[in-house]
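Pasting input_29.cif here (mmCIF, C-alpha atoms):
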data_my_file
loop_
_atom_site.label_atom_id
_atom_site.label_comp_id
_atom_site.auth_asym_id
_atom_site.auth_seq_id
_atom_site.Cartn_x
_atom_site.Cartn_y
_atom_site.Cartn_z
CA MET I 1 -15.01 -28.37 15.75
CA ARG I 2 -14.90 -31.27 13.34
CA ALA I 3 -18.54 -30.45 12.37
CA ALA I 4 -17.65 -26.75 12.07
CA GLN I 5 -14.80 -27.60 9.68
CA SER I 6 -17.39 -29.32 7.50
CA GLY I 7 -19.54 -26.17 7.50
CA ASP I 8 -22.13 -26.99 10.22
CA ARG I 9 -23.16 -23.48 11.34
CA VAL I 10 -25.33 -24.61 14.27
CA ALA I 11 -22.54 -26.73 15.74
CA TYR I 12 -20.08 -23.89 15.18
CA GLU I 13 -22.23 -21.30 16.94
CA ARG I 14 -22.73 -23.68 19.87
CA LEU I 15 -18.99 -24.34 20.03
CA LEU I 16 -18.11 -20.62 20.01
CA ARG I 17 -20.65 -19.93 22.78
CA GLU I 18 -19.30 -22.81 24.86
CA ILE I 19 -15.65 -21.86 24.51
CA SER I 20 -16.18 -18.13 25.20
CA PRO I 21 -16.19 -18.55 29.04
CA LEU I 22 -13.09 -20.75 28.77
CA ILE I 23 -11.29 -18.12 26.67
CA ARG I 24 -12.42 -15.43 29.14
CA ALA I 25 -10.91 -17.45 32.01
CA LEU I 26 -7.68 -17.93 30.06
CA VAL I 27 -7.21 -14.25 29.16
CA ARG I 28 -8.14 -13.15 32.68
CA ARG I 29 -4.76 -14.54 33.76
CA HIS I 30 -3.09 -11.78 31.75
CA CYS I 31 -5.49 -8.90 32.26
CA SER I 32 -8.03 -7.61 34.78
CA ASN I 33 -9.72 -4.82 32.83
CA ARG I 34 -13.18 -6.02 31.71
CA ALA I 35 -13.20 -4.12 28.42
CA ASP I 36 -9.73 -5.40 27.53
CA ILE I 37 -10.70 -8.96 28.46
CA GLU I 38 -13.71 -8.79 26.16
CA GLU I 39 -11.57 -7.42 23.35
CA MET I 40 -9.08 -10.28 23.82
CA VAL I 41 -11.94 -12.81 23.83
CA GLN I 42 -13.26 -11.38 20.56
CA ASP I 43 -9.80 -11.32 19.03
CA THR I 44 -9.33 -14.97 20.02
CA LEU I 45 -12.69 -15.95 18.51
CA LEU I 46 -11.75 -14.21 15.27
CA THR I 47 -8.43 -16.04 15.19
CA VAL I 48 -10.16 -19.37 15.89
CA HIS I 49 -12.35 -18.60 12.88
CA ARG I 50 -9.37 -17.76 10.66
CA VAL I 51 -7.27 -20.80 11.58
CA ARG I 52 -10.04 -23.37 12.08
CA HIS I 53 -8.55 -25.43 9.24
CA THR I 54 -5.42 -26.07 11.35
CA TYR I 55 -7.28 -28.02 14.03
CA ASP I 56 -6.55 -31.74 13.83
CA PRO I 57 -9.47 -33.78 15.27
CA SER I 58 -7.07 -36.55 16.26
CA ARG I 59 -5.49 -34.18 18.78
CA PRO I 60 -7.09 -32.61 21.91
CA PHE I 61 -8.98 -29.36 21.28
CA CYS I 62 -8.11 -27.45 24.47
CA PRO I 63 -4.32 -27.06 23.89
CA TRP I 64 -5.10 -25.76 20.39
CA LEU I 65 -7.57 -23.21 21.75
CA ALA I 66 -5.36 -22.28 24.72
CA ALA I 67 -2.39 -21.61 22.41
CA ILE I 68 -4.50 -19.19 20.37
CA ALA I 69 -5.92 -17.44 23.46
CA TRP I 70 -2.47 -17.15 25.01
CA ARG I 71 -0.94 -15.72 21.84
CA ARG I 72 -3.73 -13.16 21.37
CA SER I 73 -3.43 -12.10 25.03
CA ILE I 74 0.33 -11.63 24.69
CA ASP I 75 -0.17 -9.66 21.46
CA ALA I 76 -2.73 -7.40 23.18
CA LEU I 77 -0.45 -6.80 26.17
CA ARG I 78 2.52 -5.99 23.92
CA ARG I 79 0.34 -3.61 21.91
CA ARG I 80 -0.82 -1.88 25.07
CA MET I 81 2.74 -1.54 26.37
CA ARG I 82 3.90 -0.17 23.02
CA ILE I 83 1.10 2.39 22.96
CA ALA I 84 1.81 3.39 26.56
CA ARG I 85 5.50 3.84 25.77
CA TYR I 86 5.34 5.70 22.47
CA GLU I 87 1.96 7.40 22.22
CA THR I 88 0.21 10.10 24.22
CA PRO I 89 -3.51 10.80 23.94
CA GLU I 90 -4.20 13.93 21.90
CA GLN I 91 -6.86 15.72 23.92
CA GLY I 92 -7.51 18.26 21.18
CA VAL I 93 -8.99 15.56 18.95
CA TYR I 94 -12.04 15.25 21.17
CA GLU I 95 -12.38 18.93 22.06
CA THR I 96 -15.05 21.17 20.56
CA PHE I 97 -15.68 24.83 21.21
CA SER I 98 -18.84 26.88 21.48
CA GLU I 99 -17.51 29.24 18.81
CA ALA I 100 -18.16 27.38 15.55
CA THR I 101 -15.22 28.90 13.70
CA ALA I 102 -12.88 27.65 16.42
CA ASN I 103 -13.70 24.08 15.40
CA SER I 104 -11.53 24.44 12.35
CA ASP I 105 -11.15 20.73 11.74
CA LEU I 106 -14.88 20.28 11.49
CA GLU I 107 -15.46 23.47 9.58
CA ALA I 108 -12.87 22.52 7.02
CA VAL I 109 -15.13 19.80 5.70
CA ARG I 110 -18.47 21.45 5.00
CA SER I 111 -20.24 18.67 3.25
CA ALA I 112 -20.37 14.92 3.08
CA GLU I 113 -19.30 15.09 -0.57
CA GLU I 114 -16.14 16.90 0.38
CA LEU I 115 -15.38 14.31 3.05
CA GLY I 116 -16.06 11.58 0.50
CA ASP I 117 -13.54 13.18 -1.86
CA LEU I 118 -10.93 13.24 0.88
CA LEU I 119 -11.62 9.62 1.83
CA GLN I 120 -10.92 8.56 -1.75
CA LEU I 121 -7.39 9.93 -1.35
CA LEU I 122 -6.62 7.53 1.52
CA PRO I 123 -5.05 4.07 0.98
CA ALA I 124 -7.74 1.36 0.62
CA ARG I 125 -7.15 -0.36 3.96
CA GLN I 126 -7.12 2.94 5.89
CA ARG I 127 -10.32 4.06 4.15
CA GLN I 128 -11.96 0.70 4.88
CA ALA I 129 -11.00 0.89 8.58
CA LEU I 130 -12.25 4.46 8.96
CA GLU I 131 -15.52 3.82 7.15
CA SER I 132 -16.26 0.66 9.14
CA LEU I 133 -15.45 2.04 12.57
CA LYS I 134 -16.29 5.75 12.36
CA LEU I 135 -18.92 6.08 9.64
CA LYS I 136 -20.78 2.78 9.85
CA GLU I 137 -20.13 2.66 13.63
CA MET I 138 -19.28 -1.03 13.60
CA THR I 139 -17.54 -2.57 16.58
CA LEU I 140 -13.90 -3.58 16.21
CA ALA I 141 -14.88 -7.23 16.06
CA GLU I 142 -17.58 -6.65 13.42
CA ALA I 143 -15.26 -4.49 11.34
CA SER I 144 -12.55 -7.12 11.59
CA ALA I 145 -14.91 -9.89 10.50
CA ALA I 146 -16.20 -7.77 7.61
CA SER I 147 -12.85 -6.51 6.35
CA GLY I 148 -10.53 -9.41 7.11
CA GLN I 149 -8.15 -7.00 8.88
CA SER I 150 -7.07 -7.92 12.41
CA VAL I 151 -8.26 -5.77 15.32
CA ALA I 152 -4.74 -4.42 15.75
CA ALA I 153 -4.48 -3.56 12.04
CA LEU I 154 -7.86 -1.81 12.17
CA LYS I 155 -6.75 0.34 15.09
CA VAL I 156 -3.49 1.27 13.41
CA ASN I 157 -5.18 1.99 10.06
CA THR I 158 -7.88 4.12 11.71
CA HIS I 159 -5.25 6.11 13.57
CA ARG I 160 -3.26 6.63 10.36
CA ALA I 161 -6.38 7.46 8.36
CA LEU I 162 -7.41 10.15 10.86
CA LYS I 163 -3.91 11.58 10.81
CA ALA I 164 -3.82 11.59 7.01
CA LEU I 165 -7.31 13.08 6.84
CA ARG I 166 -6.32 15.85 9.23
CA ALA I 167 -3.28 16.63 7.09
CA LEU I 168 -5.47 16.70 3.95
CA MET I 169 -7.93 19.06 5.62
CA GLN I 170 -5.15 21.38 6.71
CA GLY I 171 -3.80 21.27 3.17
CA ARG I 172 -7.17 22.42 1.81
CA GLU I 173 -7.40 25.22 4.36
CA ARG I 174 -4.16 26.73 3.15
CA MET Z 1 -23.33 -8.52 24.08
CA GLN Z 2 -20.84 -7.55 21.37
CA THR Z 3 -19.25 -10.99 21.72
CA ASP Z 4 -22.65 -12.61 21.12
CA ARG Z 5 -23.12 -10.54 17.98
CA LEU Z 6 -19.64 -11.53 16.81
CA ILE Z 7 -20.39 -15.24 17.37
CA GLU Z 8 -23.63 -14.94 15.36
CA SER Z 9 -21.80 -13.12 12.59
CA LEU Z 10 -18.97 -15.69 12.46
CA ALA Z 11 -21.40 -18.63 12.46
CA ALA Z 12 -23.48 -16.99 9.72
CA ARG Z 13 -20.49 -16.62 7.41
CA LEU Z 14 -19.04 -20.09 8.13
CA GLN Z 15 -17.78 -21.96 5.08
CA PRO Z 16 -16.44 -25.54 5.03
CA VAL Z 17 -12.64 -25.69 5.15
CA ARG Z 18 -10.13 -28.27 3.99
CA ARG Z 19 -8.24 -29.59 6.97
CA LEU Z 20 -4.46 -29.27 6.81
CA ARG Z 21 -2.35 -32.40 6.60
CA SER Z 22 0.02 -33.10 9.49
CA PRO Z 23 2.91 -30.61 9.68
CA LEU Z 24 5.46 -33.42 9.59
CA LEU Z 25 3.96 -34.79 6.39
CA ARG Z 26 4.00 -31.36 4.74
CA ALA Z 27 7.61 -30.78 5.84
CA LEU Z 28 8.64 -34.14 4.38
CA LEU Z 29 6.84 -33.29 1.14
CA TRP Z 30 8.80 -30.03 0.79
CA LEU Z 31 12.06 -31.81 1.66
CA ALA Z 32 11.34 -34.58 -0.86
CA VAL Z 33 10.63 -32.12 -3.70
CA VAL Z 34 13.69 -30.00 -2.89
CA GLY Z 35 15.80 -33.15 -2.42
CA ALA Z 36 14.82 -34.49 -5.84
CA ALA Z 37 15.47 -31.15 -7.58
CA SER Z 38 18.82 -30.78 -5.79
CA LEU Z 39 19.83 -34.30 -6.76
CA VAL Z 40 19.19 -33.55 -10.45
CA LEU Z 41 21.19 -30.29 -10.18
CA ILE Z 42 24.07 -31.99 -8.35
CA MET Z 43 24.27 -34.95 -10.74
CA ARG Z 44 24.35 -32.63 -13.76
CA GLU Z 45 26.44 -29.70 -12.57
CA ALA Z 46 28.47 -30.51 -9.42
CA HIS Z 47 32.22 -31.14 -9.14
CA LEU Z 48 31.59 -34.64 -7.81
CA THR Z 49 35.21 -35.87 -7.99
CA ILE Z 50 36.45 -32.95 -5.90
CA PHE Z 51 33.52 -33.39 -3.52
CA MET Z 52 34.33 -37.09 -3.02
CA GLN Z 53 37.95 -36.19 -2.23
CA ARG Z 54 36.85 -33.56 0.29
CA ILE Z 55 34.23 -35.76 1.97
CA ALA Z 56 36.87 -38.43 2.65
CA THR Z 57 38.05 -36.13 5.47
CA PRO Z 58 35.91 -36.99 8.53
CA ARG Z 59 35.56 -33.32 9.57
CA VAL Z 60 34.18 -32.34 6.17
CA ALA Z 61 31.81 -35.33 6.25
CA VAL Z 62 30.54 -34.22 9.67
CA GLU Z 63 30.16 -30.66 8.39
CA CYS Z 64 28.08 -31.82 5.40
CA PHE Z 65 25.97 -34.14 7.54
CA ALA Z 66 25.33 -31.40 10.12
CA THR Z 67 24.39 -28.91 7.40
CA ALA Z 68 21.85 -31.31 5.91
CA LEU Z 69 20.49 -32.17 9.35
CA THR Z 70 20.14 -28.46 10.21
CA ALA Z 71 18.12 -27.94 7.04
CA ILE Z 72 15.86 -30.94 7.67
CA THR Z 73 15.23 -30.18 11.36
CA ALA Z 74 14.68 -26.45 10.78
CA VAL Z 75 12.07 -27.11 8.08
CA ILE Z 76 10.28 -29.69 10.26
CA ALA Z 77 10.37 -27.27 13.22
CA ALA Z 78 8.98 -24.44 11.05
CA PHE Z 79 5.97 -26.56 10.04
CA GLU Z 80 5.42 -27.83 13.59
CA THR Z 81 5.56 -24.40 15.23
CA SER Z 82 3.20 -22.96 12.61
CA VAL Z 83 0.26 -24.96 13.98
CA PRO Z 84 -1.37 -23.75 17.24
CA GLY Z 85 -1.12 -26.17 20.14
CA HIS Z 86 2.05 -27.89 18.97
CA SER Z 87 4.91 -27.71 21.44
CA PRO Z 88 7.07 -24.56 21.18
CA TRP Z 89 10.06 -26.79 22.06
CA TRP Z 90 10.09 -27.84 18.40
CA ALA Z 91 11.90 -24.54 17.79
CA LEU Z 92 15.00 -25.95 19.51
CA LEU Z 93 15.19 -29.02 17.25
CA PRO Z 94 17.71 -27.53 14.75
CA LEU Z 95 19.97 -26.17 17.50
CA PRO Z 96 22.19 -29.29 18.06
CA PRO Z 97 22.94 -29.86 14.33
CA LEU Z 98 23.46 -26.11 13.86
CA LEU Z 99 26.03 -26.06 16.66
CA LEU Z 100 27.70 -29.15 15.21
CA TRP Z 101 27.82 -27.49 11.77
CA LEU Z 102 29.40 -24.33 13.21
CA ALA Z 103 31.85 -26.37 15.29
CA ALA Z 104 32.91 -28.49 12.28
CA SER Z 105 33.32 -25.37 10.11
CA GLY Z 106 35.26 -23.63 12.88
CA LEU Z 107 37.56 -26.63 13.18
CA GLY Z 108 38.08 -26.43 9.42
CA CYS Z 109 39.24 -22.83 9.77
CA LEU Z 110 41.62 -23.87 12.54
CA ALA Z 111 42.93 -26.78 10.46
CA ASN Z 112 43.61 -24.34 7.63
CA GLY Z 113 45.71 -22.23 9.98
CA LEU Z 114 43.13 -19.42 10.23
CA GLY Z 115 44.34 -18.11 6.89
CA VAL Z 116 41.94 -15.60 5.47
CA TYR Z 117 41.98 -16.80 1.87
CA GLY Z 118 43.04 -20.46 2.09
CA ALA Z 119 44.33 -22.56 -0.78
CA HIS Z 120 42.32 -20.89 -3.53
CA GLY Z 121 44.15 -17.66 -2.85
CA SER Z 122 41.44 -15.03 -3.28
CA ALA Z 123 38.22 -13.86 -1.71
CA GLY Z 124 36.42 -13.90 -5.06
CA GLU Z 125 35.19 -17.47 -4.71
CA SER Z 126 34.01 -16.79 -1.16
CA TYR Z 127 31.85 -13.93 -2.43
CA SER Z 128 30.33 -16.26 -5.00
CA CYS Z 129 29.47 -18.62 -2.10
CA PHE Z 130 27.64 -15.72 -0.47
CA ALA Z 131 25.75 -15.08 -3.70
CA PHE Z 132 24.98 -18.80 -4.08
CA ILE Z 133 23.47 -19.16 -0.59
CA ALA Z 134 21.49 -15.92 -0.85
CA GLY Z 135 20.38 -16.60 -4.43
CA ALA Z 136 19.46 -20.28 -4.00
CA SER Z 137 17.54 -19.46 -0.82
CA LEU Z 138 15.10 -17.29 -2.75
CA PRO Z 139 13.37 -19.99 -4.87
CA LEU Z 140 13.56 -22.42 -1.95
CA ALA Z 141 11.91 -19.85 0.34
CA VAL Z 142 9.15 -19.13 -2.19
CA GLY Z 143 8.08 -22.79 -2.12
CA LEU Z 144 8.41 -23.14 1.63
CA PHE Z 145 6.56 -19.94 2.49
CA TRP Z 146 3.85 -20.80 -0.02
CA MET Z 147 3.23 -24.02 1.96
CA LEU Z 148 3.56 -22.35 5.36
CA ARG Z 149 1.13 -19.56 4.40
CA ARG Z 150 -1.71 -22.06 4.34
CA THR Z 151 -1.38 -22.44 8.11
CA ARG Z 152 -1.74 -18.68 8.76
CA PRO Z 153 0.61 -18.89 11.79
CA ILE Z 154 -0.55 -17.03 14.90
CA ALA Z 155 3.09 -16.49 16.00
CA PRO Z 156 4.96 -15.86 12.71
CA LEU Z 157 8.38 -14.94 14.16
CA PRO Z 158 9.67 -18.46 15.05
CA VAL Z 159 8.07 -19.90 11.92
CA ALA Z 160 9.80 -17.36 9.66
CA ALA Z 161 13.13 -17.68 11.50
CA LEU Z 162 13.11 -21.48 11.35
CA GLY Z 163 11.86 -21.57 7.77
CA THR Z 164 14.54 -19.19 6.53
CA LEU Z 165 17.20 -21.05 8.52
CA GLY Z 166 15.96 -24.22 6.80
CA VAL Z 167 16.24 -22.77 3.28
CA ALA Z 168 19.61 -21.14 3.97
CA ALA Z 169 20.97 -24.41 5.38
CA THR Z 170 19.59 -26.28 2.36
CA ALA Z 171 21.37 -23.82 0.06
CA ALA Z 172 24.57 -24.18 2.10
CA PHE Z 173 24.31 -27.98 1.84
CA ILE Z 174 23.89 -27.84 -1.96
CA LEU Z 175 26.84 -25.42 -2.06
CA GLN Z 176 29.07 -28.14 -0.56
CA PHE Z 177 28.89 -29.96 -3.91
CA PHE Z 178 30.08 -26.88 -5.80
CA HIS Z 179 32.74 -25.88 -3.27
CA PRO Z 180 36.10 -27.07 -4.59
CA PHE Z 181 38.13 -25.89 -1.57
CA ASP Z 182 38.03 -26.30 2.20
CA VAL Z 183 36.45 -23.71 4.46
CA THR Z 184 38.45 -20.62 5.43
CA VAL Z 185 37.77 -17.79 7.84
CA ILE Z 186 36.40 -15.50 5.15
CA ASP Z 187 34.38 -18.41 3.72
CA LEU Z 188 32.79 -19.16 7.05
CA ALA Z 189 32.13 -15.48 7.73
CA LEU Z 190 30.45 -15.03 4.33
CA HIS Z 191 28.43 -18.25 4.68
CA LEU Z 192 27.17 -17.03 8.06
CA ALA Z 193 26.52 -13.55 6.68
CA ALA Z 194 24.45 -15.01 3.82
CA ILE Z 195 22.45 -17.18 6.22
CA ALA Z 196 21.92 -14.24 8.58
CA LEU Z 197 20.78 -12.05 5.67
CA VAL Z 198 18.24 -14.65 4.52
CA VAL Z 199 16.91 -15.14 8.08
CA LEU Z 200 16.78 -11.38 8.64
CA ILE Z 201 14.80 -10.71 5.45
CA GLY Z 202 12.42 -13.59 6.15
CA THR Z 203 11.71 -12.50 9.71
CA ALA Z 204 11.41 -8.82 8.82
CA TRP Z 205 8.64 -9.57 6.27
CA ARG Z 206 7.17 -12.46 8.23
CA ARG Z 207 3.62 -11.13 8.53
CA ARG Z 208 3.25 -10.47 4.83
CA LEU Z 209 5.11 -13.60 3.71
CA LEU Z 210 3.23 -15.92 6.03
CA ALA Z 211 -0.21 -14.25 5.94
CA ALA Z 212 -0.16 -14.31 9.74
CA ALA Z 213 -3.57 -14.63 11.42
#
Any chance you could put this one into structure tokens?
Amino acid sequence: MRAAQSGDRVAYERLLREISPLIRALVRRHCSNRADIEEMVQDTLLTVHRVRHTYDPSRPFCPWLAAIAWRRSIDALRRRMRIARYETPEQGVYETFSEATANSDLEAVRSAEELGDLLQLLPARQRQALESLKLKEMTLAEASAASGQSVAALKVNTHRALKALRALMQGRER
Amino acid sequence: MQTDRLIESLAARLQPVRRLRSPLLRALLWLAVVGAASLVLIMREAHLTIFMQRIATPRVAVECFATALTAITAVIAAFETSVPGHSPWWALLPLPPLLLWLAASGLGCLANGLGVYGAHGSAGESYSCFAFIAGASLPLAVGLFWMLRRTRPIAPLPVAALGTLGVAATAAFILQFFHPFDVTVIDLALHLAAIALVVLIGTAWRRRLLAAA
């Protein structure tokens, strides 16, 4: 980590690869779902990257890493509980119909230009989240690394962007 | 596989970083700067004669000492808890002096016969105490949060709560030098309300103020 703080990319990549199994073992104490564990591991790695300047080489590395992994696991669990308590999946979002005119949401935007116009109306962070995840098809971790937004913020901004976009489309239909 | 891609991407964009100094050192730096500025303000503007008369009472001396100690310990605890891997027990450090401060102030109210307005006879001065604590906390908080932001705390709630308690207690300590009368019930209530307001605002905006990671 000391070498990574000085900008040694090879040492940093080796460190991240070596600590990944340790982080996985730490987050497995809080969660058993494989996809969720991987998301927590990635979130922890991103946080390690963001706060690498706080590591003091005169102190042991593992408590520093464990504190980050623990915090990111707790954050993920709280987020999941919050979503489970206050949100219900909207099945209609994923539904398409054989009758083209029935797919009004899709039909409302007939061209990429029109969608581009609507995207410009969204707040910058929402637009960035939607473009990264839905248009460029980046993973959450990649989008987070590229945009500087946390995984949680990306999820929230994507959700809000879709909601805002839907409202804009309905506004144009009327 | 996605994790492997993430690791490659993070390693590829790695830049050298400047390591943070020890949290204790940074806390002492903030306290030293604020202490020096407060000293100048007190020497130039404070009612020192009245303060010396008040501090001759042991209870008032304890109250002042506990207020200062609350400020110092809360600021140190804020810096310590902002760094991952440091013990979360640091958060309890300001608790004993805070309790002592409240106890000494409470005793002051009792000694003054629980009168609402006390010797100065009106609530006007108490409201100016509220404004002083809330107003002085703002510039103090700007400096403190500017230093704490560099850490990018992973758990911003205790950091923001302790930091704002630290600045509010610092403001309350400085106020002692401009407080020409002993504490009354309404005084204590307004002091506590001002401190609670500062802590509440700081914790409500913690993510933005502290650039939480």
Selected residue of minimal separation from Gly202 in chain Z among Z:Ala172, Z:Ala189, Z:Ile154, Z:Val142, counting only C-alpha atoms: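 That would be Z:Val142, the residue with the smallest distance to Gly202 in chain Z.
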Counting only C-alpha atoms, chain I residues within 7 Å of chain Z, as a VMD selection string: chain I and resid 5 to 7 9 12 to 13 16 42 47 50 to 51 53 to 54 63 to 64 67 to 68 141 to 142
Include C-alpha atoms and write out the residues we just selected as a short mmCIF file (atom, residue, chain, number, x, y, z; two decimals), keeping the file's coordinate frame.
data_model
loop_
_atom_site.label_atom_id
_atom_site.label_comp_id
_atom_site.auth_asym_id
_atom_site.auth_seq_id
_atom_site.Cartn_x
_atom_site.Cartn_y
_atom_site.Cartn_z
CA GLN I 5 -14.80 -27.60 9.68
CA SER I 6 -17.39 -29.32 7.50
CA GLY I 7 -19.54 -26.17 7.50
CA ARG I 9 -23.16 -23.48 11.34
CA TYR I 12 -20.08 -23.89 15.18
CA GLU I 13 -22.23 -21.30 16.94
CA LEU I 16 -18.11 -20.62 20.01
CA GLN I 42 -13.26 -11.38 20.56
CA THR I 47 -8.43 -16.04 15.19
CA ARG I 50 -9.37 -17.76 10.66
CA VAL I 51 -7.27 -20.80 11.58
CA HIS I 53 -8.55 -25.43 9.24
CA THR I 54 -5.42 -26.07 11.35
CA PRO I 63 -4.32 -27.06 23.89
CA TRP I 64 -5.10 -25.76 20.39
CA ALA I 67 -2.39 -21.61 22.41
CA ILE I 68 -4.50 -19.19 20.37
CA ALA I 141 -14.88 -7.23 16.06
CA GLU I 142 -17.58 -6.65 13.42
#
Range 35-38 of chain I environment, 10 Å, only C-alpha atoms, sequence neighbours closer than 4 positions dropped, as a PyMOL selection string: (chain I and resi 20+23-31+42-44+73+76-77+80) or (chain Z and resi 1-3)
Given the PyMOL selection byres ((chain Z and resi 106) around 12), the residues it picks as a ChimeraX atom specification: /Z:59-60,63,99-105,107-114,182-189,191-192
Could the residues in this selection be written to a file with C-alpha atoms, as a JSON list (two decimals), keeping the file's coordinate frame?
[["chain", "number", "residue", "atom", "x", "y", "z"],
["Z", 59, "ARG", "CA", 35.56, -33.32, 9.57],
["Z", 60, "VAL", "CA", 34.18, -32.34, 6.17],
["Z", 63, "GLU", "CA", 30.16, -30.66, 8.39],
["Z", 99, "LEU", "CA", 26.03, -26.06, 16.66],
["Z", 100, "LEU", "CA", 27.70, -29.15, 15.21],
["Z", 101, "TRP", "CA", 27.82, -27.49, 11.77],
["Z", 102, "LEU", "CA", 29.40, -24.33, 13.21],
["Z", 103, "ALA", "CA", 31.85, -26.37, 15.29],
["Z", 104, "ALA", "CA", 32.91, -28.49, 12.28],
["Z", 105, "SER", "CA", 33.32, -25.37, 10.11],
["Z", 107, "LEU", "CA", 37.56, -26.63, 13.18],
["Z", 108, "GLY", "CA", 38.08, -26.43, 9.42],
["Z", 109, "CYS", "CA", 39.24, -22.83, 9.77],
["Z", 110, "LEU", "CA", 41.62, -23.87, 12.54],
["Z", 111, "ALA", "CA", 42.93, -26.78, 10.46],
["Z", 112, "ASN", "CA", 43.61, -24.34, 7.63],
["Z", 113, "GLY", "CA", 45.71, -22.23, 9.98],
["Z", 114, "LEU", "CA", 43.13, -19.42, 10.23],
["Z", 182, "ASP", "CA", 38.03, -26.30, 2.20],
["Z", 183, "VAL", "CA", 36.45, -23.71, 4.46],
["Z", 184, "THR", "CA", 38.45, -20.62, 5.43],
["Z", 185, "VAL", "CA", 37.77, -17.79, 7.84],
["Z", 186, "ILE", "CA", 36.40, -15.50, 5.15],
["Z", 187, "ASP", "CA", 34.38, -18.41, 3.72],
["Z", 188, "LEU", "CA", 32.79, -19.16, 7.05],
["Z", 189, "ALA", "CA", 32.13, -15.48, 7.73],
["Z", 191, "HIS", "CA", 28.43, -18.25, 4.68],
["Z", 192, "LEU", "CA", 27.17, -17.03, 8.06]]
Picked residues, the PyMOL selection byres ((chain Z and resi 26-33) around 12), as an MDAnalysis selection string: chainID Z and resid 20:25 34:40 68:69 71:83 140:148 150:151 163 166:167 170
Selection dump of the PyMOL selection byres ((chain Z and resi 196) around 12), as a PyMOL selection string: chain Z and resi 130+133-134+137+161-162+164-169+189-195+197-204
Point-to-point distance in Å for CA of Arg207 in chain Z and CA of Val159 in chain Z: 10.4 Å
Straight-line distance linking CA of Arg206 in chain Z with CA of Asn157 in chain I, stated in Å to one decimal: 19.1 Å
Distance of CA of Pro89 in chain I from CA of Leu135 in chain I, expressed in Å to one decimal place: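 Calculated distance between CA of Leu135 in chain I and CA of Pro89 in chain I is 21.5 Å.
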Write range 44-57 of chain I as a short mmCIF file (atom, residue, chain, number, x, y, z; two decimals), keeping the file's coordinate frame, completed to N, CA and C atoms.
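Generated output (result_8.cif):
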data_model
loop_
_atom_site.label_atom_id
_atom_site.label_comp_id
_atom_site.auth_asym_id
_atom_site.auth_seq_id
_atom_site.Cartn_x
_atom_site.Cartn_y
_atom_site.Cartn_z
N THR I 44 -9.59 -13.53 20.04
CA THR I 44 -9.33 -14.97 20.02
C THR I 44 -10.37 -15.70 19.17
N LEU I 45 -11.64 -15.30 19.31
CA LEU I 45 -12.69 -15.95 18.51
C LEU I 45 -12.45 -15.72 17.02
N LEU I 46 -12.05 -14.51 16.69
CA LEU I 46 -11.75 -14.21 15.27
C LEU I 46 -10.60 -15.06 14.76
N THR I 47 -9.58 -15.23 15.61
CA THR I 47 -8.43 -16.04 15.19
C THR I 47 -8.83 -17.50 15.06
N VAL I 48 -9.66 -17.99 15.99
CA VAL I 48 -10.16 -19.37 15.89
C VAL I 48 -10.85 -19.55 14.54
N HIS I 49 -11.63 -18.53 14.16
CA HIS I 49 -12.35 -18.60 12.88
C HIS I 49 -11.36 -18.67 11.71
N ARG I 50 -10.32 -17.83 11.78
CA ARG I 50 -9.37 -17.76 10.66
C ARG I 50 -8.53 -19.03 10.52
N VAL I 51 -8.19 -19.65 11.66
CA VAL I 51 -7.27 -20.80 11.58
C VAL I 51 -7.98 -22.12 11.91
N ARG I 52 -9.30 -22.15 11.72
CA ARG I 52 -10.04 -23.37 12.08
C ARG I 52 -9.60 -24.58 11.25
N HIS I 53 -9.01 -24.32 10.08
CA HIS I 53 -8.55 -25.43 9.24
C HIS I 53 -7.30 -26.10 9.81
N THR I 54 -6.65 -25.48 10.80
CA THR I 54 -5.42 -26.07 11.35
C THR I 54 -5.72 -27.06 12.48
N TYR I 55 -6.98 -27.09 12.93
CA TYR I 55 -7.28 -28.02 14.03
C TYR I 55 -7.33 -29.46 13.50
N ASP I 56 -6.60 -30.32 14.20
CA ASP I 56 -6.55 -31.74 13.83
C ASP I 56 -7.43 -32.52 14.81
N PRO I 57 -8.55 -33.08 14.34
CA PRO I 57 -9.47 -33.78 15.27
C PRO I 57 -8.84 -34.95 16.01
#
